[in-house]
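Trainee: Input run.cif, format and content: mmCIF, C-alpha atoms.
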```cif
data_entry
loop_
_atom_site.group_PDB
_atom_site.id
_atom_site.type_symbol
_atom_site.label_atom_id
_atom_site.label_comp_id
_atom_site.auth_asym_id
_atom_site.auth_seq_id
_atom_site.Cartn_x
_atom_site.Cartn_y
_atom_site.Cartn_z
ATOM 1 C CA MET A 1479 -98.683 5.246 92.083
ATOM 2 C CA PRO A 1480 -99.336 1.552 92.999
ATOM 3 C CA GLY A 1481 -98.390 0.471 96.511
ATOM 4 C CA GLN A 1482 -95.219 -1.512 95.777
ATOM 5 C CA ALA A 1483 -93.669 1.261 93.718
ATOM 6 C CA ALA A 1484 -94.750 3.852 96.276
ATOM 7 C CA ASP A 1485 -92.845 1.998 99.042
ATOM 8 C CA LEU A 1486 -89.572 2.577 97.122
ATOM 9 C CA VAL A 1487 -90.069 6.260 96.473
ATOM 10 C CA MET A 1488 -89.063 9.033 98.901
ATOM 11 C CA ARG A 1489 -89.803 12.764 98.788
ATOM 12 C CA ASN A 1490 -87.061 15.410 98.751
ATOM 13 C CA GLU A 1491 -87.305 18.942 100.197
ATOM 14 C CA ALA A 1492 -89.009 20.173 97.031
ATOM 15 C CA ASP A 1493 -91.605 17.404 97.423
ATOM 16 C CA GLN A 1494 -90.286 15.614 94.331
ATOM 17 C CA PRO A 1495 -90.512 11.794 94.240
ATOM 18 C CA THR A 1496 -87.001 10.317 94.363
ATOM 19 C CA VAL A 1497 -85.383 6.863 94.355
ATOM 20 C CA SER A 1498 -81.755 5.928 94.876
ATOM 21 C CA SER A 1499 -79.839 4.489 91.919
ATOM 22 C CA ALA A 1500 -79.326 1.248 93.846
ATOM 23 C CA ASP A 1501 -83.080 0.777 94.447
ATOM 24 C CA PHE A 1502 -83.739 1.824 90.867
ATOM 25 C CA ALA A 1503 -81.548 -1.013 89.540
ATOM 26 C CA ARG A 1504 -83.035 -3.601 91.893
ATOM 27 C CA ARG A 1505 -86.713 -2.637 91.657
ATOM 28 C CA PHE A 1506 -87.133 -1.316 88.142
ATOM 29 C CA GLY A 1507 -90.037 -3.709 87.498
ATOM 30 C CA GLN A 1508 -91.996 -2.229 90.382
ATOM 31 C CA LEU A 1509 -91.136 1.362 89.414
ATOM 32 C CA ARG A 1510 -92.547 0.743 85.950
ATOM 33 C CA GLN A 1511 -95.985 0.655 87.570
ATOM 34 C CA MET A 1512 -95.817 4.421 88.219
ATOM 35 C CA GLN A 1513 -98.651 6.739 87.163
ATOM 36 C CA ASP A 1514 -98.645 8.168 83.655
ATOM 37 C CA ASP A 1515 -98.203 11.778 84.797
ATOM 38 C CA GLU A 1516 -95.511 10.986 87.382
ATOM 39 C CA ALA A 1517 -91.769 11.692 87.080
ATOM 40 C CA ILE A 1518 -89.338 10.063 89.529
ATOM 41 C CA PHE A 1519 -85.880 11.553 90.149
ATOM 42 C CA VAL A 1520 -83.120 8.958 90.352
ATOM 43 C CA THR A 1521 -80.394 10.017 92.820
ATOM 44 C CA HIS A 1522 -76.757 9.082 93.287
ATOM 45 C CA HIS A 1523 -75.293 9.896 96.703
ATOM 46 C CA GLY A 1524 -78.310 12.120 97.340
ATOM 47 C CA ARG A 1525 -77.984 14.151 94.114
ATOM 48 C CA ALA A 1526 -80.562 13.771 91.342
ATOM 49 C CA THR A 1527 -78.919 12.599 88.113
ATOM 50 C CA HIS A 1528 -81.736 11.161 85.972
ATOM 51 C CA VAL A 1529 -85.512 11.272 85.656
ATOM 52 C CA LEU A 1530 -87.736 8.230 85.114
ATOM 53 C CA THR A 1531 -91.040 8.902 83.383
ATOM 54 C CA THR A 1532 -93.462 7.152 81.036
ATOM 55 C CA VAL A 1533 -93.536 7.471 77.254
ATOM 56 C CA ARG A 1534 -96.935 9.145 77.478
ATOM 57 C CA HIS A 1535 -95.641 11.734 79.907
ATOM 58 C CA TYR A 1536 -92.480 12.239 77.852
ATOM 59 C CA ASN A 1537 -94.476 12.770 74.644
ATOM 60 C CA ALA A 1538 -96.700 15.292 76.416
ATOM 61 C CA LEU A 1539 -93.617 17.221 77.510
ATOM 62 C CA LYS A 1540 -92.183 17.063 73.989
ATOM 63 C CA ASP A 1541 -95.419 18.358 72.486
ATOM 64 C CA THR A 1542 -95.362 21.291 74.906
ATOM 65 C CA ASP A 1543 -91.803 22.126 73.891
ATOM 66 C CA GLY A 1544 -92.853 21.897 70.250
ATOM 67 C CA GLU A 1545 -95.594 24.440 70.827
ATOM 68 C CA ARG A 1546 -93.069 26.751 72.454
ATOM 69 C CA GLY A 1547 -90.681 26.228 69.553
ATOM 70 C CA GLY A 1548 -93.474 27.057 67.133
ATOM 71 C CA ALA A 1549 -94.136 30.290 68.986
ATOM 72 C CA ALA A 1550 -90.454 31.151 68.767
ATOM 73 C CA ALA A 1551 -90.430 30.383 65.054
ATOM 74 C CA ALA A 1552 -93.358 32.752 64.631
ATOM 75 C CA SER A 1553 -91.468 35.652 66.216
ATOM 76 C CA PRO A 1554 -91.078 38.777 64.049
ATOM 77 C CA SER A 1555 -88.289 38.880 61.477
ATOM 78 C CA LEU A 1556 -85.605 41.558 61.517
ATOM 79 C CA THR A 1557 -87.387 43.375 58.713
ATOM 80 C CA GLU A 1558 -90.708 43.308 60.581
ATOM 81 C CA LEU A 1559 -89.050 44.705 63.686
ATOM 82 C CA ALA A 1560 -87.245 47.368 61.648
ATOM 83 C CA ASN A 1561 -90.541 48.400 60.061
ATOM 84 C CA CYS A 1562 -91.807 49.300 63.547
ATOM 85 C CA LEU A 1563 -89.210 52.080 63.751
ATOM 86 C CA THR A 1564 -89.695 55.616 62.447
ATOM 87 C CA ILE A 1565 -86.093 55.949 61.265
ATOM 88 C CA GLY A 1566 -84.315 54.335 58.333
ATOM 89 C CA VAL A 1567 -82.776 50.929 59.141
ATOM 90 C CA VAL A 1568 -80.437 49.018 56.797
ATOM 91 C CA LEU A 1569 -78.697 45.739 57.691
ATOM 92 C CA ILE A 1570 -75.620 44.729 55.702
ATOM 93 C CA ASP A 1571 -73.255 41.775 55.971
ATOM 94 C CA TYR A 1572 -69.476 42.082 56.142
ATOM 95 C CA ASP A 1573 -69.294 41.868 52.349
ATOM 96 C CA MET A 1574 -71.248 45.148 52.237
ATOM 97 C CA ARG A 1575 -74.379 43.464 50.832
ATOM 98 C CA VAL A 1576 -77.813 44.476 52.093
ATOM 99 C CA ILE A 1577 -79.558 41.838 54.200
ATOM 100 C CA ALA A 1578 -82.670 43.825 55.056
ATOM 101 C CA ALA A 1579 -84.016 47.387 54.978
ATOM 102 C CA ASN A 1580 -87.177 48.843 56.458
ATOM 103 C CA GLN A 1581 -89.853 50.916 54.729
ATOM 104 C CA VAL A 1582 -88.486 54.236 56.003
ATOM 105 C CA ALA A 1583 -85.053 53.537 54.503
ATOM 106 C CA HIS A 1584 -86.633 52.819 51.115
ATOM 107 C CA ALA A 1585 -88.697 56.012 51.314
ATOM 108 C CA GLN A 1586 -85.672 58.109 52.276
ATOM 109 C CA VAL A 1587 -83.959 57.293 48.973
ATOM 110 C CA ASN A 1588 -87.157 57.022 46.920
ATOM 111 C CA ARG A 1589 -86.805 53.322 46.148
ATOM 112 C CA ALA A 1590 -89.476 50.613 45.943
ATOM 113 C CA GLU A 1591 -89.640 48.260 48.905
ATOM 114 C CA GLY A 1592 -87.315 45.266 48.540
ATOM 115 C CA GLU A 1593 -84.970 46.827 45.965
ATOM 116 C CA PHE A 1594 -82.079 46.973 48.436
ATOM 117 C CA VAL A 1595 -81.784 43.333 49.452
ATOM 118 C CA GLY A 1596 -78.959 41.327 47.887
ATOM 119 C CA HIS A 1597 -77.147 44.315 46.417
ATOM 120 C CA SER A 1598 -74.008 46.099 47.550
ATOM 121 C CA ILE A 1599 -74.979 48.996 49.792
ATOM 122 C CA PHE A 1600 -73.049 51.382 47.555
ATOM 123 C CA LYS A 1601 -74.858 50.209 44.414
ATOM 124 C CA ALA A 1602 -78.238 50.059 46.129
ATOM 125 C CA VAL A 1603 -77.780 53.643 47.367
ATOM 126 C CA PRO A 1604 -75.419 55.380 44.912
ATOM 127 C CA ALA A 1605 -75.518 58.613 46.939
ATOM 128 C CA ILE A 1606 -73.448 56.869 49.636
ATOM 129 C CA ASP A 1607 -70.613 56.024 47.234
ATOM 130 C CA GLY A 1608 -67.750 58.455 47.817
ATOM 131 C CA SER A 1609 -69.491 60.210 50.711
ATOM 132 C CA LEU A 1610 -68.670 60.505 54.394
ATOM 133 C CA VAL A 1611 -71.208 57.754 55.052
ATOM 134 C CA GLU A 1612 -69.112 55.327 52.985
ATOM 135 C CA THR A 1613 -66.079 56.216 55.094
ATOM 136 C CA TYR A 1614 -67.973 55.565 58.318
ATOM 137 C CA VAL A 1615 -69.438 52.268 57.061
ATOM 138 C CA ARG A 1616 -66.079 50.902 55.879
ATOM 139 C CA ARG A 1617 -64.429 51.991 59.137
ATOM 140 C CA ALA A 1618 -67.091 50.203 61.201
ATOM 141 C CA VAL A 1619 -66.787 47.036 59.097
ATOM 142 C CA VAL A 1620 -63.005 46.926 59.531
ATOM 143 C CA SER A 1621 -62.762 48.033 63.170
ATOM 144 C CA ARG A 1622 -65.987 46.360 64.412
ATOM 145 C CA GLU A 1623 -66.544 49.531 66.456
ATOM 146 C CA PRO A 1624 -69.775 51.577 66.396
ATOM 147 C CA CYS A 1625 -69.763 55.163 65.215
ATOM 148 C CA SER A 1626 -72.221 58.013 64.696
ATOM 149 C CA ALA A 1627 -72.225 61.387 62.973
ATOM 150 C CA GLU A 1628 -74.506 64.287 62.093
ATOM 151 C CA ILE A 1629 -73.934 65.336 58.487
ATOM 152 C CA PRO A 1630 -75.709 67.136 55.631
ATOM 153 C CA SER A 1631 -78.341 64.853 54.133
ATOM 154 C CA LEU A 1632 -77.460 62.842 51.037
ATOM 155 C CA PHE A 1633 -81.128 62.483 50.157
ATOM 156 C CA ARG A 1634 -82.746 65.873 50.840
ATOM 157 C CA ARG A 1635 -81.578 69.314 49.804
ATOM 158 C CA ASP A 1636 -80.725 71.548 52.780
ATOM 159 C CA GLY A 1637 -81.440 68.595 55.070
ATOM 160 C CA TRP A 1638 -79.442 66.945 57.846
ATOM 161 C CA ILE A 1639 -79.211 63.325 58.928
ATOM 162 C CA ARG A 1640 -77.804 61.430 61.873
ATOM 163 C CA ILE A 1641 -76.011 58.181 61.003
ATOM 164 C CA ASP A 1642 -75.524 55.474 63.648
ATOM 165 C CA ILE A 1643 -73.551 52.363 62.657
ATOM 166 C CA HIS A 1644 -73.489 49.320 64.961
ATOM 167 C CA PRO A 1645 -71.453 46.214 64.039
ATOM 168 C CA PHE A 1646 -72.706 42.852 65.323
ATOM 169 C CA ALA A 1647 -71.389 39.309 64.957
ATOM 170 C CA ARG A 1648 -72.886 38.599 61.524
ATOM 171 C CA HIS A 1649 -74.157 41.942 60.284
ATOM 172 C CA VAL A 1650 -73.835 45.706 60.578
ATOM 173 C CA THR A 1651 -76.862 47.860 61.357
ATOM 174 C CA ILE A 1652 -77.057 51.343 59.825
ATOM 175 C CA LEU A 1653 -79.600 53.745 61.317
ATOM 176 C CA VAL A 1654 -80.488 56.911 59.391
ATOM 177 C CA HIS A 1655 -82.486 59.602 61.186
ATOM 178 C CA ASP A 1656 -83.587 62.851 59.501
ATOM 179 C CA ILE A 1657 -82.776 65.671 61.949
ATOM 180 C CA THR A 1658 -83.412 68.615 59.631
ATOM 181 C CA GLU A 1659 -86.093 70.197 61.810
ATOM 182 C CA ASP A 1660 -83.983 69.832 64.947
ATOM 183 C CA MET A 1661 -81.026 71.470 63.255
ATOM 184 C CA LYS A 1662 -83.157 74.353 61.998
ATOM 185 C CA ARG A 1663 -84.679 74.852 65.427
ATOM 186 C CA HIS A 1664 -81.275 74.995 67.088
ATOM 187 C CA ARG A 1665 -79.898 77.385 64.506
ATOM 188 C CA LEU A 1666 -82.924 79.667 64.763
ATOM 189 C CA ALA A 1667 -82.618 79.589 68.530
ATOM 190 C CA ASP A 1668 -79.038 80.910 68.208
ATOM 191 C CA ALA A 1669 -80.241 83.691 65.898
ATOM 192 C CA ARG A 1670 -82.936 84.754 68.367
ATOM 193 C CA ARG A 1671 -80.432 84.778 71.210
ATOM 194 C CA SER A 1672 -78.088 86.991 69.222
ATOM 195 C CA LEU A 1673 -80.963 89.317 68.307
ATOM 196 C CA ARG A 1674 -81.958 89.708 71.953
ATOM 197 C CA GLU A 1675 -78.366 90.503 72.881
ATOM 198 C CA ALA A 1676 -78.183 93.116 70.111
ATOM 199 C CA ILE A 1677 -81.440 94.749 71.245
ATOM 200 C CA ALA A 1678 -80.255 94.765 74.856
ATOM 201 C CA VAL A 1679 -77.205 96.904 74.009
ATOM 202 C CA HIS A 1680 -79.167 99.189 71.661
ATOM 203 C CA ASP A 1681 -80.563 101.851 73.989
ATOM 204 C CA GLY A 1682 -83.123 103.037 71.430
ATOM 205 C CA ILE A 1683 -85.049 99.760 71.239
ATOM 206 C CA GLY A 1684 -87.089 98.126 73.980
ATOM 207 C CA TYR A 1685 -89.159 94.987 74.035
ATOM 208 C CA VAL A 1686 -91.470 93.015 76.288
ATOM 209 C CA CYS A 1687 -92.832 89.469 76.067
ATOM 210 C CA LEU A 1688 -96.548 89.041 76.703
ATOM 211 C CA ASN A 1689 -98.512 85.923 77.603
ATOM 212 C CA ILE A 1690 -101.671 84.921 75.736
ATOM 213 C CA ARG A 1691 -103.706 87.272 77.995
ATOM 214 C CA GLY A 1692 -101.588 90.271 77.042
ATOM 215 C CA HIS A 1693 -99.823 90.467 80.408
ATOM 216 C CA ILE A 1694 -96.077 91.106 80.667
ATOM 217 C CA ASP A 1695 -93.938 88.012 81.218
ATOM 218 C CA ARG A 1696 -90.475 89.424 80.515
ATOM 219 C CA VAL A 1697 -89.113 92.955 80.262
ATOM 220 C CA GLU A 1698 -85.981 94.372 78.640
ATOM 221 C CA PRO A 1699 -84.258 97.197 80.600
ATOM 222 C CA THR A 1700 -84.699 99.825 77.844
ATOM 223 C CA PHE A 1701 -88.473 99.415 77.995
ATOM 224 C CA ALA A 1702 -88.419 99.672 81.783
ATOM 225 C CA GLY A 1703 -86.484 102.938 81.367
ATOM 226 C CA MET A 1704 -89.109 104.283 78.925
ATOM 227 C CA VAL A 1705 -91.895 103.935 81.503
ATOM 228 C CA GLN A 1706 -89.599 104.555 84.510
ATOM 229 C CA LEU A 1707 -90.717 101.431 86.351
ATOM 230 C CA SER A 1708 -88.628 98.506 87.589
ATOM 231 C CA GLU A 1709 -88.789 95.152 85.823
ATOM 232 C CA GLU A 1710 -90.286 93.627 88.995
ATOM 233 C CA ARG A 1711 -93.184 96.100 89.055
ATOM 234 C CA LEU A 1712 -93.933 95.553 85.378
ATOM 235 C CA HIS A 1713 -94.170 91.779 85.723
ATOM 236 C CA HIS A 1714 -97.786 90.521 85.187
ATOM 237 C CA VAL A 1715 -99.042 94.030 84.307
ATOM 238 C CA ALA A 1716 -101.497 94.200 81.379
ATOM 239 C CA MET A 1717 -99.610 95.877 78.528
ATOM 240 C CA ALA A 1718 -102.701 97.822 77.462
ATOM 241 C CA ASP A 1719 -102.798 99.527 80.898
ATOM 242 C CA LEU A 1720 -99.495 101.246 80.049
ATOM 243 C CA VAL A 1721 -101.031 102.818 76.928
ATOM 244 C CA PRO A 1722 -102.914 106.174 77.198
ATOM 245 C CA VAL A 1723 -106.694 105.943 76.853
ATOM 246 C CA ALA A 1724 -106.639 107.719 73.507
ATOM 247 C CA HIS A 1725 -104.447 104.950 72.014
ATOM 248 C CA ARG A 1726 -105.707 102.003 74.054
ATOM 249 C CA VAL A 1727 -108.485 100.733 71.764
ATOM 250 C CA ALA A 1728 -106.215 100.706 68.717
ATOM 251 C CA PHE A 1729 -103.474 98.924 70.687
ATOM 252 C CA ARG A 1730 -105.845 96.243 71.996
ATOM 253 C CA GLU A 1731 -107.304 95.613 68.542
ATOM 254 C CA THR A 1732 -103.826 95.219 67.068
ATOM 255 C CA LEU A 1733 -102.721 92.907 69.893
ATOM 256 C CA ASP A 1734 -105.867 90.773 69.474
ATOM 257 C CA GLN A 1735 -105.203 90.445 65.739
ATOM 258 C CA VAL A 1736 -101.661 89.224 66.382
ATOM 259 C CA LEU A 1737 -102.723 86.770 69.121
ATOM 260 C CA SER A 1738 -105.395 85.432 66.741
ATOM 261 C CA GLY A 1739 -102.691 84.418 64.289
ATOM 262 C CA GLU A 1740 -103.264 87.194 61.735
ATOM 263 C CA GLY A 1741 -99.590 88.072 61.506
ATOM 264 C CA ALA A 1742 -97.319 90.798 62.867
ATOM 265 C CA ARG A 1743 -98.550 94.401 63.048
ATOM 266 C CA THR A 1744 -96.907 97.833 63.423
ATOM 267 C CA ILE A 1745 -98.722 100.907 64.785
ATOM 268 C CA ASP A 1746 -97.875 104.333 66.157
ATOM 269 C CA SER A 1747 -98.868 104.545 69.809
ATOM 270 C CA ALA A 1748 -97.702 105.918 73.174
ATOM 271 C CA LEU A 1749 -96.723 104.813 76.686
ATOM 272 C CA LEU A 1750 -97.549 106.270 80.079
ATOM 273 C CA SER A 1751 -94.403 107.011 82.061
ATOM 274 C CA ASN A 1752 -94.300 106.800 85.840
ATOM 275 C CA ASP A 1753 -93.489 110.553 86.024
ATOM 276 C CA GLY A 1754 -96.805 111.421 84.347
ATOM 277 C CA THR A 1755 -95.459 112.134 80.884
ATOM 278 C CA THR A 1756 -96.401 110.396 77.649
ATOM 279 C CA VAL A 1757 -93.769 108.733 75.463
ATOM 280 C CA ALA A 1758 -94.564 108.526 71.746
ATOM 281 C CA VAL A 1759 -93.495 105.128 70.364
ATOM 282 C CA ARG A 1760 -93.712 103.008 67.263
ATOM 283 C CA VAL A 1761 -94.883 99.518 68.240
ATOM 284 C CA THR A 1762 -94.382 96.240 66.364
ATOM 285 C CA ILE A 1763 -96.202 93.193 67.734
ATOM 286 C CA ALA A 1764 -95.438 89.636 66.596
ATOM 287 C CA GLU A 1765 -96.860 86.314 67.746
ATOM 288 C CA LEU A 1766 -94.796 83.982 69.923
ATOM 289 C CA ARG A 1767 -95.540 80.517 68.545
ATOM 290 C CA SER A 1768 -93.954 77.207 69.478
ATOM 291 C CA ILE A 1769 -94.630 73.672 68.294
ATOM 292 C CA TYR A 1770 -97.391 73.568 70.943
ATOM 293 C CA GLY A 1771 -99.206 76.618 69.562
ATOM 294 C CA ASN A 1772 -99.586 80.289 70.502
ATOM 295 C CA GLU A 1773 -97.674 81.286 73.632
ATOM 296 C CA GLY A 1774 -98.238 85.043 73.544
ATOM 297 C CA ALA A 1775 -96.568 87.920 71.708
ATOM 298 C CA ILE A 1776 -93.424 89.996 71.640
ATOM 299 C CA VAL A 1777 -93.752 93.794 71.535
ATOM 300 C CA LEU A 1778 -90.885 95.813 70.058
ATOM 301 C CA LEU A 1779 -90.845 99.571 70.687
ATOM 302 C CA THR A 1780 -88.790 102.552 69.484
ATOM 303 C CA ARG A 1781 -89.239 106.224 70.354
ATOM 304 C CA ARG A 1782 -90.826 108.475 67.736
#
```
As a first step, turn the structure in this file into structure tokens.
Mentor:
Amino acid sequence: MPGQAADLVMRNEADQPTVSSADFARRFGQLRQMQDDEAIFVTHHGRATHVLTTVRHYNALKDTDGERGGAAAASPSLTELANCLTIGVVLIDYDMRVIAANQVAHAQVNRAEGEFVGHSIFKAVPAIDGSLVETYVRRAVVSREPCSAEIPSLFRRDGWIRIDIHPFARHVTILVHDITEDMKRHRLADARRSLREAIAVHDGIGYVCLNIRGHIDRVEPTFAGMVQLSEERLHHVAMADLVPVAHRVAFRETLDQVLSGEGARTIDSALLSNDGTTVAVRVTIAELRSIYGNEGAIVLLTRR
């Protein structure tokens, strides 16, 4: 900044060049000689109220803002964002017309991409008309309150879906998530629990759970009674060691077949009891498999 203009300018605590409004009015001609990249804060009673800068500097700032605005304009659209999700997404306005829908939503109802937009949600997806989903959508539109529900699928036989409806200022978002596998897993889990409870009260059936090495992980009391050993002592014992030598090879071969994924097997075998006797049993072995793979086997036994 040239000398005369520099004599008028002070520096505030933030090291910004400042000039009082009184000096600004009196010495504007001198302040005009400022550097192109300089901005001077004009103060009134010590508080900055305006900024003096050159046209060149101002245009540079404006161009920078334009670049930022261009970046904002290039941000993803609602449809592009929705297409990043693995669940169905449909956006409707408060007249029930579809604004946008992602690829998953189109696939869920077997429609070509783009067929939803501009149509009433109930005409675009006729399965919704007269269903619980229609009730939830209309309720959300009127009340402006979100809602969710897990209901039988409208689009897949024996399937289940979770519907989440979220009203916003100008549109309503409908999320559709297929939860069929989760529902099946939970129902099957209840069936297994009931089966274990039934076996536990049936004194003629015993079972043990084995890990992938064939060692005992969990014991049912009836089995412990068959071999006359406590559940604690049986924990981590190799199941084959409880089988007499004459039956051991056949038992190990059958167990290996099951653990190799060849399906459940039933054989006649025997167990060694702690009192030295042999207990004749019929053995059924089935693989324990989770979504992560083989986790061992379950051995079901009854006396012969």
Trainee: Given only C-alpha atoms as the basis, pick out the residue of A:Asn1588, A:Arg1696, A:Ser1708, A:Arg1525 nearest to A:Arg1634.
Mentor: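 Closest candidate: A:Asn1588.
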Trainee: For A:Phe1729, which residue out of A:Val1697, A:Val1567, A:Ile1606, A:Ile1763 is the nearest one, using all atoms listed in the file?
Mentor: A:Ile1763
Trainee: Can you give me, as a tab-separated table (two decimals) with C-alpha atoms, in the frame of the given file, the residues this file yields under the PyMOL selection byres ((chain A and resi 1650) around 9)?
Mentor:
```tsv
chain	number	residue	atom	x	y	z
A	1568	VAL	CA	-80.44	49.02	56.80
A	1569	LEU	CA	-78.70	45.74	57.69
A	1570	ILE	CA	-75.62	44.73	55.70
A	1571	ASP	CA	-73.26	41.78	55.97
A	1572	TYR	CA	-69.48	42.08	56.14
A	1574	MET	CA	-71.25	45.15	52.24
A	1615	VAL	CA	-69.44	52.27	57.06
A	1618	ALA	CA	-67.09	50.20	61.20
A	1619	VAL	CA	-66.79	47.04	59.10
A	1622	ARG	CA	-65.99	46.36	64.41
A	1643	ILE	CA	-73.55	52.36	62.66
A	1644	HIS	CA	-73.49	49.32	64.96
A	1645	PRO	CA	-71.45	46.21	64.04
A	1646	PHE	CA	-72.71	42.85	65.32
A	1647	ALA	CA	-71.39	39.31	64.96
A	1648	ARG	CA	-72.89	38.60	61.52
A	1649	HIS	CA	-74.16	41.94	60.28
A	1651	THR	CA	-76.86	47.86	61.36
A	1652	ILE	CA	-77.06	51.34	59.82
```
Trainee: Ranking A:Ile1639, A:Leu1610, A:Ala1579, A:Ala1517 by minimum distance to A:Phe1594 and counting only C-alpha atoms, which one comes first?
Mentor: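 Looking at the shortest contact to A:Phe1594, the residue is A:Ala1579.
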Trainee: For stretch 1678-1690 of chain A, work out the shell of residues within 8 Å, counting all atoms listed in the file and skipping chain neighbours fewer than 5 positions away, then give it as a list of chain:residue names.
Mentor: A:Asp1695, A:Arg1696, A:Val1697, A:Glu1698, A:Pro1699, A:Thr1700, A:Phe1701, A:Met1717, A:Leu1737, A:Asn1772, A:Glu1773, A:Gly1774, A:Ala1775, A:Ile1776, A:Val1777, A:Leu1778, A:Leu1779, A:Thr1780, A:Arg1781
Trainee: Restrict the selected residues to C-alpha atoms and save them as a CSV table (one decimal), in the frame of the given file.
Mentor:
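Full text of selection-v3.csv as output:
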```
chain,number,residue,atom,x,y,z
A,1695,ASP,CA,-93.9,88.0,81.2
A,1696,ARG,CA,-90.5,89.4,80.5
A,1697,VAL,CA,-89.1,93.0,80.3
A,1698,GLU,CA,-86.0,94.4,78.6
A,1699,PRO,CA,-84.3,97.2,80.6
A,1700,THR,CA,-84.7,99.8,77.8
A,1701,PHE,CA,-88.5,99.4,78.0
A,1717,MET,CA,-99.6,95.9,78.5
A,1737,LEU,CA,-102.7,86.8,69.1
A,1772,ASN,CA,-99.6,80.3,70.5
A,1773,GLU,CA,-97.7,81.3,73.6
A,1774,GLY,CA,-98.2,85.0,73.5
A,1775,ALA,CA,-96.6,87.9,71.7
A,1776,ILE,CA,-93.4,90.0,71.6
A,1777,VAL,CA,-93.8,93.8,71.5
A,1778,LEU,CA,-90.9,95.8,70.1
A,1779,LEU,CA,-90.8,99.6,70.7
A,1780,THR,CA,-88.8,102.6,69.5
A,1781,ARG,CA,-89.2,106.2,70.4
```
Trainee: Go through A:Ala1716, A:Val1497, A:Val1654, A:Val1759 and flag the residue nearest A:Ile1565, using all atoms listed in the file for the distances.
Mentor: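 Selected residue with least distance to A:Ile1565: A:Val1654.
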Trainee: Residue by residue, what does the PyMOL selection byres ((chain A and resi 1593) around 12) grab here? Present the result as a list in words.
Mentor: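 Evaluating the PyMOL selection byres ((chain A and resi 1593) around 12) on this file yields Val1568, Val1576, Ile1577, Ala1578, Ala1579, Asn1580, Gln1581, Ala1583, His1584, Ala1585, Val1587, Asn1588, Arg1589, Ala1590, Glu1591, Gly1592, Phe1594, Val1595, Gly1596, His1597, Ser1598, Ile1599, Lys1601, Ala1602 and Val1603 of chain A.
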Trainee: If we count all atoms listed in the file, what is near A:Ser1631 at a cut-off of 10 Å, once residues fewer than 2 positions away on the same chain are taken out, given as a PyMOL selection string?
Mentor: chain A and resi 1605+1628-1629+1633-1641+1654-1658
Trainee: Might you pull out every residue within 8 Å of A:Gly1741, with all atoms listed in the file counted and same-chain residues fewer than 2 positions away left off, and present them as a list of chain:residue names?
Mentor: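 Contacts, with the query itself left out: A:Gln1735, A:Val1736, A:Gly1739, A:Arg1743, A:Ala1764, A:Glu1765.
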Trainee: Can you measure atom CA of A:Ile1745 to atom CA of A:Arg1760 for me? One decimal in Å is fine.
Mentor: 6.0 Å
Trainee: Quick one, how far is atom CA of A:Glu1612 from atom CA of A:Phe1600?
Mentor: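 For atom CA of A:Glu1612 relative to atom CA of A:Phe1600, the distance reads 7.8 Å.
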Trainee: Which residues come within 9 Å of A:Pro1722, counting all atoms listed in the file, excluding same-chain residues fewer than 3 positions away, as JSON, numbers by chain?
Mentor: {"A": [1718, 1719, 1725, 1726, 1747, 1748, 1749, 1750, 1756]}
Trainee: Quick check, in Å to one decimal: how far apart do atom CA of A:Thr1732 and atom CA of A:Thr1744 lie?
Mentor: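 These two atoms are separated by 8.2 Å.
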Trainee: Name the closest residue to A:Gln1706 among the candidates A:Val1723, A:Val1520, A:Val1757, A:Ala1742; distances are taken between atoms, counting all atoms listed in the file.
Mentor: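 Looking only at the distances to A:Gln1706, the closest residue turns out to be A:Val1757.
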Trainee: Please determine, counting all atoms listed in the file, which residue among A:Leu1707, A:Ile1694, A:Val1721, A:Ile1769 has the shortest atom-to-atom distance to A:Asp1746.
Mentor: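 So, comparing all the options, the nearest one is A:Val1721.
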Trainee: Could you state which residues are captured by the PyMOL selection byres ((chain A and resi 1500) around 12) in this file, as a PyMOL selection string?
Mentor: chain A and resi 1486+1496-1499+1501-1506+1520-1524
Trainee: How would the residues just picked look written out with C-alpha atoms as a short mmCIF file (atom, residue, chain, number, x, y, z; two decimals), keeping the file's coordinate frame?
Mentor:
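The resulting file, part-v9.cif, is reproduced below:
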```
data_model
loop_
_atom_site.label_atom_id
_atom_site.label_comp_id
_atom_site.auth_asym_id
_atom_site.auth_seq_id
_atom_site.Cartn_x
_atom_site.Cartn_y
_atom_site.Cartn_z
CA LEU A 1486 -89.57 2.58 97.12
CA THR A 1496 -87.00 10.32 94.36
CA VAL A 1497 -85.38 6.86 94.36
CA SER A 1498 -81.76 5.93 94.88
CA SER A 1499 -79.84 4.49 91.92
CA ASP A 1501 -83.08 0.78 94.45
CA PHE A 1502 -83.74 1.82 90.87
CA ALA A 1503 -81.55 -1.01 89.54
CA ARG A 1504 -83.04 -3.60 91.89
CA ARG A 1505 -86.71 -2.64 91.66
CA PHE A 1506 -87.13 -1.32 88.14
CA VAL A 1520 -83.12 8.96 90.35
CA THR A 1521 -80.39 10.02 92.82
CA HIS A 1522 -76.76 9.08 93.29
CA HIS A 1523 -75.29 9.90 96.70
CA GLY A 1524 -78.31 12.12 97.34
#
```
